[in-house]
Structure formats: C-alpha cells, structure tokens
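Enquirer: If you scroll down you'll find the structure; I have some questions about it.
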Amino acid sequence: MGDDHISKDRAEEHAVKEYRSGMPATPPSGPYEESAERASRTLWGDAWGRLRRNRLALVALGWLVIVAIAAVSADAWVPRVFGSPIRIDTVRAMRDRLQNPSFAHPLGTDDLGRDIFARVVYGSRISLSVGILAVMVSVVIGLILGSLSGYYSGFVDTLIMRVADVFLAFPYILFAILLLSVLPKSQRGIVPVFLTIGVLGWPSIARVFRSSILSVKENDYIDAGRALGASDLRLMMRHIMPNAIAPIVVYATMSVGGAILTEAALSFLGLGIAPPTPSWGRMIEDGRVYLTSNPGLVFWPGLAILSTVLAFTLLGDGIRDALDVKLKD
Amino acid sequence: MFRYLIRRVVQFIPVFFGVTLLLFFITTILPGDPVALRAGEKSISPAVYREIRKEFGLDKPWYVQYGVYLKQLAHGDLGTSIYTGRKVAVIFKETYPYTMRLAFAAILIEILVGVGAGIVSAVRQYSIWDMLVTLSTSVLVALPVFWLGLMLQYFFGILLRNWTGATFFLPISGASGSVFPSWVHLILPSITLASVSTAYAARIMRSQLLEVAGQDYVRTAYAKGLTGGGVLWGHEMKNALIPVVTFIGLDLGGMLSGAILTETVFNWPGVGFTIYRAIGARDYPVVFGGVALVLFAVLTVNLLVDLSYAFLDPRIRYGEGTGE
Amino acid sequence: MTEGLLKVDGLKMYFHTRDGVVKAVDGVSYSLDRGETLGVVGESGSGKSVTALTMMRLIPMPPGKVEGGDVLFKGESLLAMKEDDVRHIRGNRIAMIFQDPMTSLNPVYRIGHQIAEPLMIHKGMSRREAWSRGLELLDLVGIPNPSQRARDYPHQFSGGMRQRAMIAMALACDPDILIADEPTTALDVTIQAQILELMVELQAKTGSAIILITHDLGVVADMADRILVMYAGRPVEYGAAETVFYTPLHPYTWGLLDSLPRYDIEDKGELCPIDGQPPSLIDVPSGCAFHPRCPHARDRCRVETPVLREVASGHHSACHFSDDPSFRRENVACRVGGA
C-alpha cells in the first residue's frame with residue numbers, strides 16, 4: 001500500500017469526512033483504527049464496569065431504554081389513553097384541533113385533533129427502527145466489504161476502496177434525496193428509507209474493519225496459524241473479529257444518532273415516511289404552518305429528536321471511553 | 001510535492017467517474033419509468049411515449065446513454081425543467097449566488113466562533129468555558145438543523161416581536177423585502193446553517209490543540225523560555241490548525257447539503273430551496289440537476305482541500321529530506 | 001573553589017496521581033561547577049530526567065509537587081523564583097536538549113527559525129540578526145552548507161544532524177549549563193560517538209557546564225568529571241568519574257558496570273546483568289530500594305533506608321556496607337539472583 005500511505009495517514013488520522021456526512025461521530029481522541037489494535041487486551045466485563053461509572057452515559061442509556069420501552073409497548077396503552085395517533089377522524093378533528101396543553105392532552109393536539117404526546121411516542125418507533133436498521137445495513141455491508149478488502153489486498157482492495165471513495169463523496173442528504181425521489185409513491189415506506197441511509201454508511205465501517213484486519217495481518221501469529229492449517233475464515237473469526245468489534249460498536253452506536261437525524265430531515269422534506277404514520281421529522285414539517293400559534297407542534301417532536309440523538313451520541317462516547325481508558329497509558 | 005499532487009489528482013479521476021456513473025445509474029437505469037422523470041407524469045399515448053423516449057435517447061444501450069450524459073455534463077447541460085420548461089442550468093445560475101452568500105456567512109461564523117471557542121476551550125481546559133463549549137457542542141451536533149431554524153424563527157421572529165412591540169428580526173421572506181436591509185435577512189439562516197459545523201470545528205480545534213500540547217516540541221519550546229502565549233501561537237497553533245482547516249474545507253459538502261434544509265425553513269431563494277420546491281412539484285430534472293450541481297461543487301472543493309494539504313504541511317511540501 | 005554554579009540540595013518531587021503518590025525524585029543532591037561535566041546515570045524511571053525537568057520548572061505542578069529540598073543556581077533558588085524570572089533562565093542560562101530530535105523539533109517551522117527563536121526572545125535580536133547568528137551556530141555544530149540547510153524543515157535532516165541542530169539551538173544564548181537528556185539514545189551507534197565528540201569540543205570552546213543524563217555508562221565514561229548514579233529516584237553513588245568507574249562502592253553500580261561488555265579486561269568472565277525489574281515508584285521497596293535485586297542484600301537492607309554519605313574523599317555511597325573496606329567489588333562474587 002506504499003503509494004497510498006499519505007492518504008491513509010491523513011484520512012485515518014483525521015477521519016474528518018466521516019464526522020460530517022450525516023452521521024455525527026465525535027472527533028475521536030485517537031483514531032478508531034489504533035484502538036482496534038489495542039482493544040485485543042480489553043475485557044468486555046471490565047469495560048462494562050467502567051461504563052457503569054460514567055454517569056452521563058448511564059443517563060443516556062436510561063433515556064434510551066425508556067424511549068425503547070415506550071416505543072415497543074405503545075400499542076398497548078397509547079391509543080387507549082390518548083386516542084389513536086394515526087387515524088383521522090373528522091369529528092375529532094373538528095372538536096379537538098389545536099388545543100393547548102391540558103390534563104387530557106399533556107402536550108396539546110395537532111391540527112387534526114390528534115394528541116401530540118401520543119404521536120411523539122409513536123414517532124419514536126419510526127426513528128428507532130430506521131436508526132437501528134440503517135446502521136445494521138451499514139455494518140453488514142461494511143463488514144463484508146471491509147474484510148474482503150483487508151484480507152485479499154491488491155486489486156480487490158483498491159477497487160473496494162475506490163468505490164468507498166465514491167460513496168463518501170456523496171453527502172447523505174443528497175444521495176437520499178436522489179434515491180427516494182426516484183421511488184414511486186406507492187413504494188414509499190420505512191424500508192426504502194433505512195435501506196438508503198444504510199447503504200451510504202458502509203464505507204466508514206469498512207475502513208475501520210479493514211485497518212483492523214491489516215494491523216492484525218502483520219502479526220506473526222497469523223502465519224503460525226496458517227502454518228498449522230487454520231482456514232482463512234477461522235483466522236478471521238478468532239483473531240481479527242475480537243479486536244475489530246470494539247471500535248465498530250462505538251461507531252455504530254453514534255451512527256444511529258446520525259441515521260435518525262437523516263430520517264428526520266428526509267421526512268421533513270417530504271421524502272421519508274408518509275403520513276398519517278407519525279414521524280418526528282414529518283410532524284415538524286406539518287406543524288410549521290402553525291408555528292405562530294401553536295409552536296408545540298414543532299417543538300416537541302424536535303425535542304424528541306434532539307434528546308434521542310444526544311443520548312446515542314453520549315452513549316457512544318461512554319462506550320468508547322470505557323474501552324479506551326485502558327488504552328490510554 | 002508534485003508526486004503528491006499528481007497522485008491525488010489521479011485518485012480523483014476514477015472517483016469522479018464513479019460519481020457520475022452512480023448519478024447516471026440512479027436517474028436513468030434504476031427508476032421504472034425514466035420517461036416520466038423527464039417529461040412529467042401526465043398520461044400519454046403509447047406513440048407519444050415512444051417518441052419522447054427516442055427524443056431523450058432512452059432507447060439506446062446504457063453505455064451510449066452514459067456517454068451522452070457525460071457529454072451533456074461537460075457542456076453544462078443539466079436538462080430541462082418539467083414545470084417551467086426552462087433549462088435547469090439557467091435556473092440554478094440564478095439561484096446559486098444566494099446559496100453562496102449564505103454559505104459564505106456560515107463559514108465566517110464557523111471560523112470565528114467555532115475555531116475561537118475551540119481555542120478557548122483547550123487553553124482553559126476544565127474551566128467553566130471548557131464545560132460550556134463541550135456541552136453546547138454536544139447538543140448542537142445532535143440538533144436537527146431545520147428544527148433549530150424553526151425555533152430561531154419562533155423566538156426571534158415571533159416572540160421577540162410580541163415582547164418588544166417593534167419587530168426585531170425577520171424570519172422568512174427570503175433575502176429581502178422587509179423593513180430591514182437584505183443583510184439582516186442573512187443573520188438567522190446563516191446562524192442556523194453554521195450551527196452544526198461550528199460545533200464540529202470547535203471540537204476538532206480543541207482536541208487538536210490538546211493533542212499538540214502533549215508533543216515533545218512543545219516541551220522544547222518551553223525549555224527555550226517561551227511564554228504560554230508564545231508557545232500557543234508560535235508553536236501549537238500552526239500544527240493544530242492543519243487538520244482544522246482541512247475539516248472546514250471538507251465540511252463544505254455537509255454545509256451545502258444542509259443548506260437545503262435551512263433554505264427551506266427560511267424561504268431563502270437558493271439552490272436548496274429550488275431543489276425542495278422541485279421535489280414537491282415532482283420536477284425531477286431540477287432535482288437531479290441540483291443534486292448533481294451540489295455534488296460536483298463538493299467534489300471540487302474536496303479535491304482542492306486535498307491538494308491544499310500539500311501546501312499546508314511542510315512535510316508534504318518538501319517531501320522526503322536529503323538526509324545527511 | 002569557585003562559587004558553585006548549581007547546587008541541588010535534597011530535592012524531592014512527587015507526583016500525586018489517582019493510583020498513588022509517585023516518588024519520582026526522592027532526596028537528590030549534587031553540585032556542578034563551571035565547565036564541569038556531570039554524568040547522571042540510571043535505568044528508566046530512576047528519576048534522572050525528572051530531576052532536570054524539575055530544576056527547569058518544566059514539570060506541571062499539579063500533579064507534581066516539590067516536597068522538599070531546593071535547587072540553587074548561582075546562589076538563587078530556582079524553585080522559589082517567579083515564573084517570569086525562570087523563563088529568562090530557560091534556554092538562556094540553562095538550556096536543555098532532549099532524547100528524540102525528530103519529535104523535539106517543531107515539524108512545521110524551518111530549522112533556522114527554531115534556532116533563531118531563543119536569540120530573539122532572550123537577546124532581543126532582530127529576525128535578521130538572529131538568523132545569521134543561527135547560521136554561525138549551525139556551522140559551529142558541524143552542519144555543512146548552513147545557509148541552505150537553515151531553510152530546511154526538521155524532517156529533511158537526518159537523525160544526527162537534527163541532534164546537532166538541537167545542540168545549536170541550546171547553545172544559541174551561550175548558556176552556563178547545558179542539560180543533555182539522553183542525547184544519543186535515539187541515534188545510530190556511529191552517530192552517537194560523533195555527537196558526544198561534538199559536545200566535548202563545544203564545551204572546550206564555550207566553557208559551559210554539562211549535565212549528561214543517560215542510562216548508558218559507556219556514554220559518560222570519557223566525558224564526565226563526576227558521576228551520579230541514581231536508582232528509584234534516589235542517589236546511590238556520587239563521586240569523581242574515575243573513582244566511580246574503577247573503585248565503585250555501591251552494588252548497583254557494580255551491576256551496571258558488570259552489564260557492560262568490556263573489551264579491555266583480560267579475563268572475560270560471563271556478563272553479569274542485574275536481575276529483576278526496576279521498582280514501581282509508587283510502591284518503593286522498604287529500606288534500601290535496591291534490596292530486592294541486590295545479590296548481597298541482608299536483613300538490615302530491608303528495614304533501614306541507607307543515606308548517601310561520604311565514604312572516601314569526595315566519593316559518596318548509599319549502601320549500608322560501603323564503610324566496610326572488605327565490601328568491594330573485587331572481593332565479592334557475582335551472583336545472579338538475590339540473596
């Protein structure tokens with residue numbers, strides 16, 4: 001990789017492109033690639049203990065658990081207490097529209113009489129699922145391509161890295177706009193959204209994984225293993241995976257936040273989840289018209305986005321610190 | 001240095017073609033009905049359909065179409081708007097100055113506020129400033145940009161208006177058309193657009209400064225008898241700034257695409273707003289053209305940033321040493 | 001005897017960390033006269049570098065803290081001085097060069113600029129004057145073609161040349177003391193000799209005193225007038241170079257000497273390295289810090305902390321048994337493994 005060393009040095013020392021392209025990654029204290037190498041000496045139990053001591057991360061985790069429980073259990077209690085957040089009922093719409101916060105409707109109602117709190121809770125289902133599914137797509141693609149690239153260097157490696165460059169050149173929103181606007185109305189839904197976001201996110205994961213592989217490949221014990229007849233796959237699983245998992249977990253956690261933001265933006269622009277399904281981004285767009293009189297329509301969904309994304313970011317930070325503390329000598 | 005420059009340019013070429021290929025693929029091959037994407041979704045007779053198809057060269061094999069696409073791009077032909085019938089390129093020629101102004105103002109804020117906050121935060125590590133900066137950047141980074149814009153609109157455009165009787169800021173109405181001179185209209189949108197980038201810039205500046213502070217040459221500088229300020233500006237900044245400058249350049253891509261959201265919220269008549277309206281109107285050529293335009297702008301800036309690295313870092317500018 | 005140039009008196013510097021108190025420097029005393037060369041020898045972690053950094057007030061004071069003792073430069077306390085006054089001494093009256101010249105030089109500034117910097121700060125020279133004086137200095141340290149090389153960046157120099165440049169930078173203001181912290185460790189063996197030779201040459205010309213810090217006894221062999229051997233933050237032997245070399249008193253020094261391959265002795269027995277690892281400075285062994293690794297240790301060594309005291313004229317040792325004339329190197333067998 002001699003000819004590539006400067007670009008590799010710079011790109012991985014200051015993984016700058018990845019900071020911005022839609023998935024907020026806090027600038028690492030050290031490149032993820034380095035921590036991959038050293039993570040081999042980390043015990044997960046140890047890290048968990050350290051994470052427990054990080055109060056901020058715990059609060060974040062707690063909040064996410066609350067949101068997750070609310071999202072999963074929503075069907076059971078929300079419609080009963082607050083009325084359906086999805087169904088449009090003209091009678092209700094006339095009677096209950098745009099009400100201020102009250103005991104019956106703690107956050108007020110929207111222009112169709114639906115309870116805002118209920119819609120925000122339901123919106124969490126979309127955001128969380130899109131966020132997590134998108135990241136899973138990125139991780140799967142990234143792991144596969146990253147391992148192919150790292151393991152079978154040479155032409156395959158260069159090719160995959162070039163393709164990665166192409167994908168990295170696309171800012172998230174633009175790519176998503178392109179793909180989603182091409183989609184016929186009938187096929188809109190949650191699947192294209194998370195697929196689109198996920199498909200853009202693989203290069204970063206691939207890069208991290210690839211350099212873990214590269215650094216481990218140098219080690220002699222790989223050769224020793226091969227001399228003993230271990231198959232490539234086995235080598236990959238036993239030796240490379242444990243090292244590489246740590247930084248990927250950190251990156252993935254923080255990426256969920258970015259995916260949620262992207263989904264919100266897309267819904268805001270009208271390309272994401274279609275109404276009447278509540279999506280936080282969509283709610284903001286719908287509520288825009290009433291900003292002057294009922295700012296709550298815009299405020300609450302936005303606050304929901306903010307708190308959830310922030311929680312993922314802080315959690316990711318916490319996980320990284322928990323794994324990293326041992327590495328800071 | 002030249003070797004570095006050439007290598008970067010050479011690496012850029014396949015990426016450029018890859019991007020155009022991807023664009024082409026998404027706008028022509030992928031969709032079920034490329035005709036509708038160019039001529040509108042009105043229902044037309046099969047005969048007209050075939051004619052239109054031929055007119056747009058959609059009956060040719062894909063590689064020929066790709067070649068035509070490239071040729072059109074080279075000539076600056078981005079297609080024709082379904083809605084207005086005007087050339088897409090012309091439409092954007094009118095609107096991009098607004099986006100430029102917005103982006104310029106936002107970058108200014110990013111540099112002054114972001115880099116400044118990063119410096120203060122690093123120099124006064126663990127102080128109240130540092131905590132403030134770290135906290136606010138964490139929040140800003142998690143903020144949906146369009147929501148921030150709306151909140152700013154509400155606070156400065158509506159609440160403040162109510163409280164002070166007289167108006168203070170104008171939320172919408174694009175770039176002009178109110179009691180205020182046009183630059184005032186720029187304030188809220190540019191703050192909104194700059195927000196996330198500023199947060200990142202501050203964090204990177206901070207972490208770079210902290211990292212540099214631990215370097216051996218900083219210790220040498222103190223050993224030579226420099227003051228804290230002398231070490232900061234004479235030794236640390238120049239090293240720490242290199243990645244920060246690189247970030248600001250590379251972040252332009254994020255900023256331009258974020259502009260779509262900001263312009264939409266503030267009705268700012270730039271490229272982003274145009275794309276947004278086109279999405280709603282299903283005016284695909286405008287959408288595709290706009291995205292392509294922004295994309296190429298981003299690519300160009302990224303390439304320039306890459307190349308500029310050669311000038312910023314003496315280790316690259318002067319290559320490997322002559323040695324003993 | 002001229003007035004002492006530098007006097008370190010029972011200096012103690014501890015680091016207060018989350019894991020405990022690190023006793024980095026624990027009661028070090030020595031003195032330095034004009035034109036003298038002192039060799040400070042010890043393993044990594046012996047406190048030899050930290051003593052020098054403490055002297056220059058380059059240690060961040062949380063977590064570090066001076067717990068006792070003082071350092072007097074020309075009669076004035078370096079530790080009590082105001083920061084502004086210390087700054088005028090740094091790089092000016094006392095200069096320091098460090099181990100790795102690649103990382104110790106700022107990569108984004110030209111060599112000439114970095115050498116000119118102390119001149120501009122301390123001597124008030126203009127940029128032009130400082131630059132041309134810098135060229136003279138580069139010539140002095142043996143760098144060919146100074147006017148061209150001064151415009152180079154550190155990465156364009158080889159390791160040996162970088163160290164020469166650092167020496168030039170340190171000597172710019174004609175300091176009274178040059179502290180060289182492991183100046184040759186990061187260099188090739190052939191270059192090492194050149195650099196040491198250079199330092200000797202320059203010392204003859206400028207008359208500055210040198211504190212040469214190293215883990216390698218061989219390095220100080222020719223250069224030092226006096227030698228201080230340190231272990232676990234404490235001084236264990238101190239005296240004229242010849243006496244320390246030929247009639248060492250402390251078992252640790254014996255171990256260091258025995259670890260050196262000697263080409264000048266007829267009977268080349270086995271190499272006798274010191275067993276074990278340097279101790280943690282948080283959990284310093286009780287009594288004599290060296291006792292766990294000392295082949296001659298007895299019960300007393302575990303209990304009682306020895307003090308550095310004068311055993312023969314000008315020759316100090318911190319071993320309980322140094323007073324016993326029969327406890328000398330030639331009389332005791334080399335036994336690997338503690339007693």
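Just so we're on the same page: first chain in the structure tokens is A, next is B, and so on; residues restart at 1 for each chain, and ligands are numbered from 1 in the order they show up.
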Find the residues of chain B that sit at most 12 Å from chain C; for each, write down the nearest two atoms and how far apart they are in Å, to one decimal. Count only C-alpha atoms. Sort by chain, then by number going up, and give it as a Markdown table.

Expert:
| residue | atom | partner | partner_atom | distance |
| --- | --- | --- | --- | --- |
| B:Val212 | CA | C:Asn106 | CA | 10.4 |
| B:Ala213 | CA | C:Asn106 | CA | 11.8 |
| B:Gly214 | CA | C:Thr103 | CA | 11.0 |
| B:Gln215 | CA | C:Thr103 | CA | 7.3 |
| B:Asp216 | CA | C:Ser104 | CA | 4.7 |
| B:Tyr217 | CA | C:Ser104 | CA | 4.0 |
| B:Val218 | CA | C:Ser104 | CA | 7.6 |
| B:Arg219 | CA | C:Ser104 | CA | 7.5 |
| B:Thr220 | CA | C:Ser104 | CA | 6.0 |
| B:Ala221 | CA | C:Asn106 | CA | 8.7 |
| B:Tyr222 | CA | C:Leu58 | CA | 7.4 |
| B:Ala223 | CA | C:Arg90 | CA | 5.5 |
| B:Lys224 | CA | C:Gly91 | CA | 3.8 |
| B:Gly225 | CA | C:Arg90 | CA | 4.6 |
| B:Leu226 | CA | C:Arg87 | CA | 6.8 |
| B:Thr227 | CA | C:Arg87 | CA | 7.4 |
| B:Gly228 | CA | C:Arg87 | CA | 10.3 |
| B:Gly230 | CA | C:Ile121 | CA | 9.9 |
| B:Val231 | CA | C:Asn106 | CA | 11.0 |
| B:Gly234 | CA | C:Tyr109 | CA | 9.4 |
| B:His235 | CA | C:Asn106 | CA | 7.1 |
| B:Glu236 | CA | C:Asn106 | CA | 8.9 |
| B:Met237 | CA | C:Val108 | CA | 10.4 |
| B:Lys238 | CA | C:Val108 | CA | 7.2 |
| B:Asn239 | CA | C:Val108 | CA | 6.7 |
| B:Ala240 | CA | C:Val108 | CA | 10.5 |
| B:Leu241 | CA | C:Val108 | CA | 11.2 |
| B:Ile242 | CA | C:Val108 | CA | 10.1 |
| B:Phe311 | CA | C:Val108 | CA | 11.1 |
| B:Leu312 | CA | C:Val108 | CA | 8.8 |
| B:Asp313 | CA | C:Val108 | CA | 6.8 |
| B:Pro314 | CA | C:Val108 | CA | 5.8 |
| B:Arg315 | CA | C:His155 | CA | 6.7 |
| B:Ile316 | CA | C:His155 | CA | 9.9 |
| B:Arg317 | CA | C:Tyr153 | CA | 10.2 |
| B:Tyr318 | CA | C:Gln156 | CA | 7.8 |
| B:Gly319 | CA | C:Gln156 | CA | 7.9 |
| B:Glu320 | CA | C:Gln156 | CA | 6.1 |
| B:Gly321 | CA | C:Gln156 | CA | 3.3 |
| B:Thr322 | CA | C:Gln156 | CA | 5.8 |
| B:Gly323 | CA | C:Ser158 | CA | 4.6 |
| B:Glu324 | CA | C:Ser158 | CA | 5.4 |

Enquirer: Those selected residues, please, written with N, CA and C atoms and delivered as a short mmCIF file (atom, residue, chain, number, x, y, z; two decimals), in the first residue's frame.

Expert:
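Below is the file out.cif, written as the result:
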data_model
loop_
_atom_site.label_atom_id
_atom_site.label_comp_id
_atom_site.auth_asym_id
_atom_site.auth_seq_id
_atom_site.Cartn_x
_atom_site.Cartn_y
_atom_site.Cartn_z
N VAL B 212 -1.68 18.41 20.47
CA VAL B 212 -0.41 19.07 20.16
C VAL B 212 0.31 19.46 21.44
N ALA B 213 -0.48 19.87 22.43
CA ALA B 213 0.14 20.34 23.67
C ALA B 213 0.98 19.26 24.32
N GLY B 214 0.69 18.01 24.05
CA GLY B 214 1.44 16.93 24.65
C GLY B 214 2.68 16.54 23.86
N GLN B 215 2.93 17.23 22.77
CA GLN B 215 4.05 16.84 21.91
C GLN B 215 5.39 17.28 22.48
N ASP B 216 6.44 16.56 22.07
CA ASP B 216 7.77 16.87 22.56
C ASP B 216 8.22 18.27 22.18
N TYR B 217 7.87 18.71 20.97
CA TYR B 217 8.40 20.01 20.56
C TYR B 217 7.80 21.15 21.38
N VAL B 218 6.66 20.90 21.97
CA VAL B 218 6.09 21.92 22.87
C VAL B 218 6.94 22.01 24.13
N ARG B 219 7.36 20.84 24.60
CA ARG B 219 8.24 20.84 25.77
C ARG B 219 9.53 21.57 25.46
N THR B 220 10.05 21.33 24.25
CA THR B 220 11.26 22.05 23.84
C THR B 220 11.02 23.55 23.83
N ALA B 221 9.85 23.95 23.35
CA ALA B 221 9.56 25.38 23.28
C ALA B 221 9.57 26.01 24.66
N TYR B 222 8.97 25.33 25.62
CA TYR B 222 9.00 25.85 26.98
C TYR B 222 10.42 25.89 27.50
N ALA B 223 11.20 24.85 27.17
CA ALA B 223 12.58 24.79 27.64
C ALA B 223 13.41 25.92 27.06
N LYS B 224 12.95 26.47 25.95
CA LYS B 224 13.68 27.59 25.35
C LYS B 224 13.31 28.91 26.01
N GLY B 225 12.32 28.85 26.89
CA GLY B 225 11.97 30.07 27.61
C GLY B 225 10.81 30.84 27.03
N LEU B 226 9.95 30.18 26.28
CA LEU B 226 8.79 30.87 25.73
C LEU B 226 7.67 30.97 26.76
N THR B 227 6.85 31.99 26.62
CA THR B 227 5.69 32.10 27.50
C THR B 227 4.60 31.17 26.99
N GLY B 228 3.58 30.99 27.81
CA GLY B 228 2.44 30.17 27.39
C GLY B 228 1.85 30.68 26.09
N GLY B 230 3.36 32.51 23.85
CA GLY B 230 4.32 32.31 22.78
C GLY B 230 4.27 30.88 22.25
N VAL B 231 4.15 29.94 23.16
CA VAL B 231 4.09 28.55 22.74
C VAL B 231 2.80 28.29 21.96
N GLY B 234 3.07 30.53 18.65
CA GLY B 234 4.27 30.29 17.87
C GLY B 234 4.52 28.84 17.52
N HIS B 235 3.95 27.93 18.27
CA HIS B 235 4.26 26.53 18.01
C HIS B 235 3.02 25.66 17.86
N GLU B 236 2.09 25.82 18.77
CA GLU B 236 0.96 24.88 18.78
C GLU B 236 -0.03 25.13 17.67
N MET B 237 -0.40 26.39 17.47
CA MET B 237 -1.48 26.70 16.53
C MET B 237 -1.19 26.20 15.13
N LYS B 238 0.00 26.48 14.65
CA LYS B 238 0.27 26.12 13.26
C LYS B 238 0.11 24.62 13.04
N ASN B 239 0.52 23.84 14.02
CA ASN B 239 0.35 22.40 13.89
C ASN B 239 -1.10 21.98 14.04
N ALA B 240 -1.77 22.58 15.02
CA ALA B 240 -3.14 22.16 15.29
C ALA B 240 -4.10 22.59 14.20
N LEU B 241 -3.78 23.70 13.54
CA LEU B 241 -4.71 24.23 12.55
C LEU B 241 -4.82 23.39 11.30
N ILE B 242 -3.77 22.67 10.98
CA ILE B 242 -3.79 21.95 9.71
C ILE B 242 -5.01 21.04 9.57
N PHE B 311 0.35 22.18 0.53
CA PHE B 311 0.97 23.47 0.83
C PHE B 311 0.99 23.75 2.32
N LEU B 312 0.02 23.19 3.01
CA LEU B 312 -0.06 23.49 4.43
C LEU B 312 0.98 22.75 5.24
N ASP B 313 1.23 21.52 4.88
CA ASP B 313 2.11 20.70 5.69
C ASP B 313 3.50 20.61 5.04
N PRO B 314 4.49 21.22 5.69
CA PRO B 314 5.82 21.23 5.08
C PRO B 314 6.37 19.83 4.86
N ARG B 315 5.86 18.87 5.62
CA ARG B 315 6.36 17.52 5.44
C ARG B 315 6.00 16.98 4.06
N ILE B 316 4.89 17.49 3.53
CA ILE B 316 4.50 17.04 2.20
C ILE B 316 5.07 17.97 1.15
N ARG B 317 5.07 19.25 1.48
CA ARG B 317 5.55 20.23 0.51
C ARG B 317 7.00 19.97 0.13
N TYR B 318 7.77 19.60 1.11
CA TYR B 318 9.19 19.41 0.82
C TYR B 318 9.59 17.95 0.84
N GLY B 319 8.62 17.09 0.73
CA GLY B 319 8.85 15.66 0.56
C GLY B 319 9.86 15.07 1.52
N GLU B 320 10.46 14.00 1.11
CA GLU B 320 11.46 13.38 1.96
C GLU B 320 12.75 14.16 1.91
N GLY B 321 13.45 14.18 3.02
CA GLY B 321 14.64 15.03 3.10
C GLY B 321 15.82 14.53 2.30
N THR B 322 16.79 15.38 2.20
CA THR B 322 18.00 14.97 1.51
C THR B 322 18.92 14.20 2.45
N GLY B 323 18.60 14.27 3.74
CA GLY B 323 19.38 13.48 4.70
C GLY B 323 20.78 14.03 4.90
N GLU B 324 21.63 13.21 5.37
CA GLU B 324 22.97 13.67 5.75
C GLU B 324 23.80 14.01 4.51
#

Enquirer: When DSSP works through the backbone of this structure, what residues of range 194-261 of chain C end up as strand (DSSP E), shown as a list in words?

Expert: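 Those in range 194-261 of chain C that DSSP calls strand (DSSP E) are Ala209, Ile210, Ile211, Leu212, Ile213, Thr214, Arg226, Ile227, Leu228, Val229, Met230, Tyr231, Arg234, Pro235, Val236, Glu237, Tyr238, Gly239 and Ala240 of chain C.
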
Enquirer: Please produce an output containing C-alpha atoms for each residue in the selection, written as a PDB file, in the first residue's frame.

Expert:
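Full text of again_29.pdb as output:
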ATOM      1  CA  ALA C 209      28.888  23.030  32.294  1.00  0.00           C
ATOM      2  CA  ILE C 210      27.121  19.915  31.092  1.00  0.00           C
ATOM      3  CA  ILE C 211      24.727  17.592  32.841  1.00  0.00           C
ATOM      4  CA  LEU C 212      24.692  14.444  30.777  1.00  0.00           C
ATOM      5  CA  ILE C 213      21.772  12.200  31.576  1.00  0.00           C
ATOM      6  CA  THR C 214      21.896   8.675  30.272  1.00  0.00           C
ATOM      7  CA  ARG C 226      31.806  13.436  38.145  1.00  0.00           C
ATOM      8  CA  ILE C 227      29.153  10.763  38.088  1.00  0.00           C
ATOM      9  CA  LEU C 228      25.874  10.443  39.957  1.00  0.00           C
ATOM     10  CA  VAL C 229      24.216   7.054  39.896  1.00  0.00           C
ATOM     11  CA  MET C 230      20.504   7.051  40.596  1.00  0.00           C
ATOM     12  CA  TYR C 231      18.082   4.308  41.450  1.00  0.00           C
ATOM     13  CA  ARG C 234      17.356   8.184  44.952  1.00  0.00           C
ATOM     14  CA  PRO C 235      21.047   8.812  44.594  1.00  0.00           C
ATOM     15  CA  VAL C 236      23.110   5.696  45.288  1.00  0.00           C
ATOM     16  CA  GLU C 237      26.616   6.721  44.352  1.00  0.00           C
ATOM     17  CA  TYR C 238      28.306  10.028  43.646  1.00  0.00           C
ATOM     18  CA  GLY C 239      31.907  10.879  43.043  1.00  0.00           C
ATOM     19  CA  ALA C 240      34.684  11.626  40.589  1.00  0.00           C
TER      20      ALA C 240
END

Enquirer: Given a cut-off of 8 Å, which residues of chain B touch chain A, counting only C-alpha atoms, written out as a count of residues only?

Expert: 46

Enquirer: Identify, on the basis of only C-alpha atoms, every residue whose closest approach to Trp254 in chain C does not exceed 8 Å; exclude the query and any residue fewer than 5 positions from it along the same chain; express the result as a PyMOL selection string.

Expert: chain C and resi 248-249+329

Enquirer: Show which residues sit within 7 Å of range 188-195 of chain B, as a list in words. Count only C-alpha atoms, and ignore same-chain residues fewer than 5 positions away.

Expert: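 After dropping sequence-adjacent residues, the list is Leu102, Ala105, Ala106, Ile107, Ile109, Glu110, Leu140, Val145, Leu148, Gly149, Met255, Gly258, Ala259, Thr262 and Phe266 of chain B.
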
Enquirer: Would you compute the distance between CA of Met241 in chain A and CA of Gly146 in chain A? Give it in Å to one decimal.

Expert: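 Computing the Euclidean distance for CA of Met241 in chain A and CA of Gly146 in chain A yields 11.9 Å.
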